[in-house]
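Heads up: the structure comes next, in structure tokens.
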Amino acid sequence: MQILVVTNPAARRTKPHLSRWVADRLSDVAKVDVIATTHRNHATEIARDAATRGLDAVVALGGDGTVNEVLQGLAGSQTALAVLPGGSTNVYGRILGLPRSLTGATSILFQALKENRVRQVPVGRANDRWFAWCAGFGYDADVVREVEWHPRMKRYLGQTSFLYHGWEARKRAAEITIDIEAGPARPKGRQRGALKRERVLGAAVVCNADPYTFFGPLPSRMCPEATLERGLDLTALTDISLPALLQTMRKALTGRDVRDLPWITGWHDREYYELTASRPIPVHTDGDPVGTTQHLRVEVVPDALQLIV
């Protein structure tokens, strides 16, 4: 078995000696090479080359941005993805049930490689961008973009920086509307009969898994029914006032169903969504800002990813 470890030296917990330790630990079950990224989308270039060469797996050692970049190069190929925690939040690894410690997660990966534990999972696609578990259109993507544009604040304040930037982003989102068309699926949850279209304010999130993110140790459950094996869930807001946002956050972080709130609307287990905003607004995939657009088609692609876990 031949695998490649892609590491992001800018991530919080990926020092060169840790990458070497991971390679040494996995070398008993595979031939291991390590490449460190040097620029944005470098991980995608590395992963795409690994898939072209027919490598068995690429291990993303970094934060969720590294995982998302590697996914762009592997989705639709026969080269599998594996994840090791190296960032500050590591949402996808935690969704997969991996411990937050690099030592513990590497031990699990070692055993998975030894037993060849590979499964095919569906992957989301937002326009031409793949995502592993979530995409955001509008408000939360705007917050993510602002956080990434102020790396020094993020370094010192950590996840509190998201709350800081959320205030200005809220005012911008309140000036935007999004028209949503939901594709076919079984009626479930708070769906209202055969309703397929709705207009909301500038805040919509689409999930391929639960939770949506973490705030410290607490999962934020914006799409509590979403699972990796099903279609896509969407949650959107029809009220983006500060009281509504705070109550939505409280519900999501305490594990209570946010869809019980009167200003929340959403759909469960759909094949696709068409979202059209009143003007171009930010987009993120897996917490990674990927520009702005006025129209976003979000769909699920069955069995698009080989996953080692």
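In the structure tokens, chains take the letters A, B, ... in the order shown, each chain's residues start at 1, and ligands count up from 1 in the order shown.
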**Message:** Could you list, as a VMD selection string, every residue within 7 Å of region 88-104 of chain A, counting only C-alpha atoms and ignoring same-chain residues fewer than 4 positions away?
**Reply:** chain A and resid 12 63 to 64 83 to 84 108 210 213 to 214
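Residue neighbourhood of Arg25 (chain A), excluding near-sequence residues (fewer than 2 positions): Ser19, Arg20, Trp21, Val22, Ala23, Ser27, Asp28, Val29, Ala30, Val32, Thr103, Thr106, Ser107, Leu109 and Phe110 of chain A, at 10 Å, using only C-alpha atoms.
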Residues from last step as file, all heavy atoms, as a CSV table (one decimal), in the first residue's frame:
chain,number,residue,atom,x,y,z
A,19,SER,N,4.7,15.5,11.7
A,19,SER,CA,4.5,14.8,10.4
A,19,SER,C,5.4,13.6,10.3
A,19,SER,O,5.0,12.6,9.7
A,19,SER,CB,4.7,15.8,9.3
A,19,SER,OG,3.9,17.0,9.4
A,20,ARG,N,6.7,13.8,10.7
A,20,ARG,CA,7.6,12.7,10.6
A,20,ARG,C,7.2,11.6,11.5
A,20,ARG,O,7.3,10.4,11.2
A,20,ARG,CB,9.0,13.2,11.0
A,20,ARG,CG,9.6,14.1,10.0
A,20,ARG,CD,11.1,14.3,10.3
A,20,ARG,NE,11.4,15.0,11.5
A,20,ARG,CZ,11.4,16.3,11.7
A,20,ARG,NH1,11.3,17.1,10.7
A,20,ARG,NH2,11.7,16.8,12.9
A,21,TRP,N,6.7,11.9,12.7
A,21,TRP,CA,6.2,10.9,13.6
A,21,TRP,C,5.0,10.1,13.0
A,21,TRP,O,5.0,8.8,13.1
A,21,TRP,CB,5.8,11.5,14.9
A,21,TRP,CG,5.2,10.5,15.9
A,21,TRP,CD1,5.9,9.6,16.7
A,21,TRP,CD2,3.8,10.1,16.1
A,21,TRP,NE1,5.0,8.8,17.4
A,21,TRP,CE2,3.8,9.1,17.0
A,21,TRP,CE3,2.6,10.6,15.5
A,21,TRP,CZ2,2.6,8.5,17.5
A,21,TRP,CZ3,1.4,10.0,15.9
A,21,TRP,CH2,1.4,9.0,16.9
A,22,VAL,N,4.1,10.8,12.4
A,22,VAL,CA,3.0,10.1,11.7
A,22,VAL,C,3.5,9.2,10.6
A,22,VAL,O,3.0,8.0,10.5
A,22,VAL,CB,2.0,11.1,11.1
A,22,VAL,CG1,1.0,10.5,10.2
A,22,VAL,CG2,1.3,11.9,12.2
A,23,ALA,N,4.4,9.6,9.8
A,23,ALA,CA,5.0,8.8,8.7
A,23,ALA,C,5.6,7.6,9.3
A,23,ALA,O,5.5,6.5,8.8
A,23,ALA,CB,5.9,9.6,7.9
A,27,SER,N,4.4,3.7,8.7
A,27,SER,CA,5.3,3.0,7.8
A,27,SER,C,5.3,1.4,8.0
A,27,SER,O,5.7,0.7,7.1
A,27,SER,CB,6.7,3.5,7.9
A,27,SER,OG,7.2,3.2,9.2
A,28,ASP,N,4.8,1.0,9.1
A,28,ASP,CA,4.7,-0.5,9.3
A,28,ASP,C,3.6,-1.1,8.4
A,28,ASP,O,3.6,-2.4,8.2
A,28,ASP,CB,4.4,-0.8,10.8
A,28,ASP,CG,5.6,-0.6,11.6
A,28,ASP,OD1,6.7,-0.5,11.1
A,28,ASP,OD2,5.5,-0.5,12.8
A,29,VAL,N,2.6,-0.3,7.9
A,29,VAL,CA,1.5,-0.9,7.1
A,29,VAL,C,1.5,-0.3,5.7
A,29,VAL,O,0.7,-0.8,4.9
A,29,VAL,CB,0.2,-0.6,7.8
A,29,VAL,CG1,0.0,-1.5,9.1
A,29,VAL,CG2,-0.1,0.8,8.1
A,30,ALA,N,2.3,0.7,5.4
A,30,ALA,CA,2.3,1.3,4.1
A,30,ALA,C,3.6,2.0,3.8
A,30,ALA,O,4.4,2.3,4.7
A,30,ALA,CB,1.1,2.3,4.0
A,32,VAL,N,5.1,5.3,2.9
A,32,VAL,CA,4.6,6.7,3.2
A,32,VAL,C,5.5,7.8,2.8
A,32,VAL,O,6.7,7.7,3.0
A,32,VAL,CB,4.4,6.8,4.8
A,32,VAL,CG1,3.7,8.1,5.1
A,32,VAL,CG2,3.5,5.7,5.3
A,103,THR,N,-2.2,11.5,18.4
A,103,THR,CA,-1.7,10.1,18.8
A,103,THR,C,-2.9,9.1,18.6
A,103,THR,O,-2.7,8.1,18.0
A,103,THR,CB,-1.2,10.1,20.2
A,103,THR,OG1,-0.1,11.0,20.3
A,103,THR,CG2,-0.7,8.7,20.5
A,106,THR,N,-4.1,8.7,15.0
A,106,THR,CA,-3.1,8.0,14.2
A,106,THR,C,-3.2,6.5,14.5
A,106,THR,O,-3.1,5.7,13.5
A,106,THR,CB,-1.7,8.5,14.4
A,106,THR,OG1,-1.6,9.9,14.1
A,106,THR,CG2,-0.7,7.8,13.5
A,107,SER,N,-3.4,6.1,15.7
A,107,SER,CA,-3.6,4.7,16.1
A,107,SER,C,-4.8,4.1,15.4
A,107,SER,O,-4.7,3.0,14.9
A,107,SER,CB,-3.7,4.6,17.6
A,107,SER,OG,-2.5,5.0,18.2
A,109,LEU,N,-6.1,5.2,12.5
A,109,LEU,CA,-5.8,5.2,11.1
A,109,LEU,C,-4.9,4.0,10.8
A,109,LEU,O,-5.1,3.3,9.8
A,109,LEU,CB,-5.2,6.5,10.7
A,109,LEU,CG,-4.7,6.5,9.2
A,109,LEU,CD1,-5.8,6.2,8.2
A,109,LEU,CD2,-4.1,7.9,8.9
A,110,PHE,N,-3.9,3.7,11.7
A,110,PHE,CA,-3.0,2.6,11.5
A,110,PHE,C,-3.8,1.3,11.4
A,110,PHE,O,-3.6,0.5,10.5
A,110,PHE,CB,-2.0,2.5,12.7
A,110,PHE,CG,-1.1,1.4,12.7
A,110,PHE,CD1,0.1,1.5,12.1
A,110,PHE,CD2,-1.5,0.1,13.3
A,110,PHE,CE1,1.0,0.4,12.1
A,110,PHE,CE2,-0.6,-0.9,13.2
A,110,PHE,CZ,0.6,-0.8,12.6
**Message:** I need the residues of region 95-149 of chain A that end up classed as helix (DSSP H, G or I) by DSSP on the backbone, written out as a ChimeraX atom specification.
**Reply:** /A:95,102-114,139-149
**Complete:** Using only C-alpha atoms, the shortest atom-to-atom distance to Val118 (chain A) among A:Val300, A:Ile308, A:Leu26, A:Ala244 belongs to A:Ile308
